[in-house]
>>> print(open('input20.txt').read())   # compact mmCIF, C-alpha atoms
# COMPACT_ATOMS: atom_id res chain seq x y z
CA MET A 281 -33.43 -125.75 158.71
CA PRO A 282 -34.44 -129.36 157.98
CA VAL A 283 -34.07 -128.68 154.25
CA THR A 284 -30.58 -127.24 154.82
CA LEU A 285 -29.76 -130.27 156.97
CA ALA A 286 -30.84 -132.62 154.18
CA VAL A 287 -28.92 -130.71 151.50
CA ILE A 288 -25.70 -130.51 153.54
CA GLY A 289 -26.04 -134.14 154.63
CA SER A 290 -26.63 -135.31 151.06
CA LEU A 291 -23.67 -133.34 149.75
CA ALA A 292 -21.46 -134.69 152.54
CA TRP A 293 -22.57 -138.24 151.74
CA LEU A 294 -21.78 -137.73 148.04
CA LEU A 295 -18.50 -135.85 148.48
CA LEU A 296 -17.04 -137.72 151.46
CA PRO A 297 -17.11 -141.41 150.56
CA GLY A 298 -15.92 -142.49 154.01
CA LEU A 299 -19.11 -141.26 155.68
CA GLY A 300 -22.20 -143.35 156.04
CA TRP A 301 -25.60 -141.70 155.61
CA VAL A 302 -26.12 -141.31 159.36
CA GLN A 303 -22.76 -139.60 159.85
CA ALA A 304 -23.41 -137.36 156.84
CA MET A 305 -26.79 -136.30 158.25
CA LEU A 306 -25.17 -135.67 161.63
CA LEU A 307 -22.71 -133.37 159.87
CA GLY A 308 -25.65 -131.64 158.17
CA ALA A 309 -27.44 -131.23 161.51
CA VAL A 310 -24.36 -129.70 163.10
CA LEU A 311 -23.60 -127.30 160.23
CA SER A 312 -27.10 -126.23 159.19
CA PRO A 313 -28.00 -123.82 162.03
CA THR A 314 -25.03 -121.51 161.54
CA ASP A 315 -26.03 -117.90 160.93
CA PRO A 316 -23.95 -115.50 158.90
CA VAL A 317 -21.75 -113.20 160.96
CA VAL A 318 -23.34 -110.24 159.16
CA SER A 319 -26.55 -110.68 161.17
CA GLY A 320 -24.66 -109.56 164.29
CA ALA A 321 -24.23 -106.09 162.80
CA VAL A 322 -27.94 -105.91 161.95
CA VAL A 323 -29.06 -106.98 165.43
CA THR A 324 -26.87 -104.37 167.15
CA SER A 325 -27.50 -101.49 164.73
CA GLU A 326 -29.67 -98.67 166.06
CA ALA A 327 -30.72 -97.87 162.47
CA VAL A 328 -32.75 -101.08 162.39
CA PRO A 329 -36.13 -100.79 164.17
CA ALA A 330 -36.20 -102.38 167.63
CA ARG A 331 -39.00 -104.80 166.66
CA VAL A 332 -37.01 -106.10 163.67
CA ARG A 333 -33.88 -106.49 165.82
CA HIS A 334 -35.89 -108.38 168.43
CA LEU A 335 -37.41 -110.72 165.81
CA LEU A 336 -34.00 -111.41 164.25
CA ASN A 337 -32.52 -112.12 167.67
CA LEU A 338 -35.42 -114.48 168.47
CA GLU A 339 -35.05 -116.24 165.12
CA SER A 340 -31.36 -116.72 165.76
CA GLY A 341 -32.06 -118.41 169.08
CA LEU A 342 -34.66 -120.71 167.53
CA ASN A 343 -32.30 -121.48 164.67
CA ASP A 344 -29.75 -122.76 167.16
CA ALA A 345 -32.28 -124.77 169.22
CA ILE A 346 -34.15 -126.53 166.40
CA PRO A 347 -31.31 -128.87 165.32
CA ARG A 348 -30.78 -130.31 168.80
CA PRO A 349 -33.25 -133.21 168.42
CA TYR A 350 -31.74 -134.04 165.02
CA VAL A 351 -28.21 -134.03 166.42
CA LEU A 352 -29.25 -136.25 169.34
CA LEU A 353 -31.08 -138.64 167.02
CA PHE A 354 -28.16 -138.99 164.61
CA VAL A 355 -25.62 -139.37 167.44
CA PHE A 356 -27.77 -142.07 169.00
CA VAL A 357 -28.32 -143.89 165.70
CA ALA A 358 -24.64 -143.60 164.70
CA GLY A 359 -23.41 -144.87 168.07
CA ASP A 360 -21.91 -148.31 168.42
CA PHE A 361 -24.09 -149.94 171.04
CA ALA A 362 -23.39 -153.61 171.58
CA GLY A 363 -26.51 -155.67 171.00
CA ALA A 364 -28.71 -152.62 170.40
CA GLY A 365 -29.83 -153.75 166.94
CA SER A 366 -29.96 -151.88 163.68
CA ALA A 367 -29.94 -148.12 163.22
CA ALA A 368 -33.69 -148.18 162.57
CA VAL A 369 -34.34 -150.08 165.81
CA ARG A 370 -32.21 -147.59 167.77
CA ALA A 371 -34.00 -144.65 166.10
CA PHE A 372 -37.43 -146.01 167.02
CA GLN A 373 -36.19 -146.73 170.53
CA LEU A 374 -35.07 -143.11 170.94
CA ILE A 375 -38.34 -141.77 169.51
CA GLY A 376 -40.30 -144.03 171.85
CA GLU A 377 -38.28 -142.96 174.88
CA ALA A 378 -38.68 -139.28 173.94
CA GLY A 379 -42.43 -139.75 173.48
CA TRP A 380 -42.79 -141.63 176.76
CA GLY A 381 -40.72 -139.01 178.57
>>> encode(input="input20.txt", output="structure tokens")
Amino acid sequence: MPVTLAVIGSLAWLLLPGLGWVQAMLLGAVLSPTDPVVSGAVVTSEAVPARVRHLLNLESGLNDAIPRPYVLLFVFVAGDFAGAGSAAVRAFQLIGEAGWG
């Protein structure tokens, strides 16, 4: 998922000149966890062994939960906070607060 995030974010940054790198990576974080609709048919099919269906269902849930920290980080860094400093300062502040919490 992080590789997909980086690829989508890089492509967005290259193809959409109005986006900064933080906004492009936020777009990558939002779009990267999407699963193909076809997996729904596999997870509900009785022809697929129950263990495989369970693992695919579990993977799908993890795939949706993993990007959350990335999305929160990029939203925080991209935000316009008066007097909050540079994007790097805001990123380290968020990481510090998450670590302390």
>>> closest_residue(input="input20.txt", among="A:Leu291, A:Val332, A:Ala286, A:Val302", to="Phe354 of chain A", atoms="all atoms listed in the file")
A:Val302
>>> closest_residue(input="input20.txt", among="A:Ile346, A:Ala358, A:Leu352, A:Ile375", to="Ala304 of chain A", atoms="all atoms listed in the file")
A:Ala358
>>> atom_distance(input="input20.txt", atom1="atom CA of Leu294 of chain A", atom2="atom CA of Phe372 of chain A")
26.0 Å
>>> atom_distance(input="input20.txt", atom1="atom CA of Gln373 of chain A", atom2="atom CA of Leu353 of chain A")
10.2 Å
>>> closest_residue(input="input20.txt", among="A:Val351, A:Ala330, A:Thr324, A:Gly359", to="Gly308 of chain A", atoms="all atoms listed in the file")
A:Val351
>>> residues_around(input="input20.txt", residues="Val287 of chain A", least_positions_apart="4", cutoff="10 Å", atoms="all atoms listed in the file", output="list in words")
Met281, Pro282, Val283, Leu291, Ala292, Trp293, Met305, Gly308 and Ser312 of chain A
>>> write_last_selection(input="input20.txt", atoms="C-alpha atoms", output="PDB file, keeping the file's coordinate frame")
ATOM      1  CA  MET A 281     -33.430-125.750 158.710  1.00  0.00           C
ATOM      2  CA  PRO A 282     -34.440-129.360 157.980  1.00  0.00           C
ATOM      3  CA  VAL A 283     -34.070-128.680 154.250  1.00  0.00           C
ATOM      4  CA  LEU A 291     -23.670-133.340 149.750  1.00  0.00           C
ATOM      5  CA  ALA A 292     -21.460-134.690 152.540  1.00  0.00           C
ATOM      6  CA  TRP A 293     -22.570-138.240 151.740  1.00  0.00           C
ATOM      7  CA  MET A 305     -26.790-136.300 158.250  1.00  0.00           C
ATOM      8  CA  GLY A 308     -25.650-131.640 158.170  1.00  0.00           C
ATOM      9  CA  SER A 312     -27.100-126.230 159.190  1.00  0.00           C
TER      10      SER A 312
END
>>> atom_distance(input="input20.txt", atom1="atom CA of Trp301 of chain A", atom2="atom CA of Trp380 of chain A")
27.3 Å
>>> closest_residue(input="input20.txt", among="A:Gly289, A:Val357, A:Arg370, A:Leu336", to="Leu311 of chain A", atoms="all atoms listed in the file")
A:Gly289
>>> closest_residue(input="input20.txt", among="A:Gly379, A:Ser366, A:Ala309, A:Pro347", to="Ser290 of chain A", atoms="all atoms listed in the file")
A:Ala309
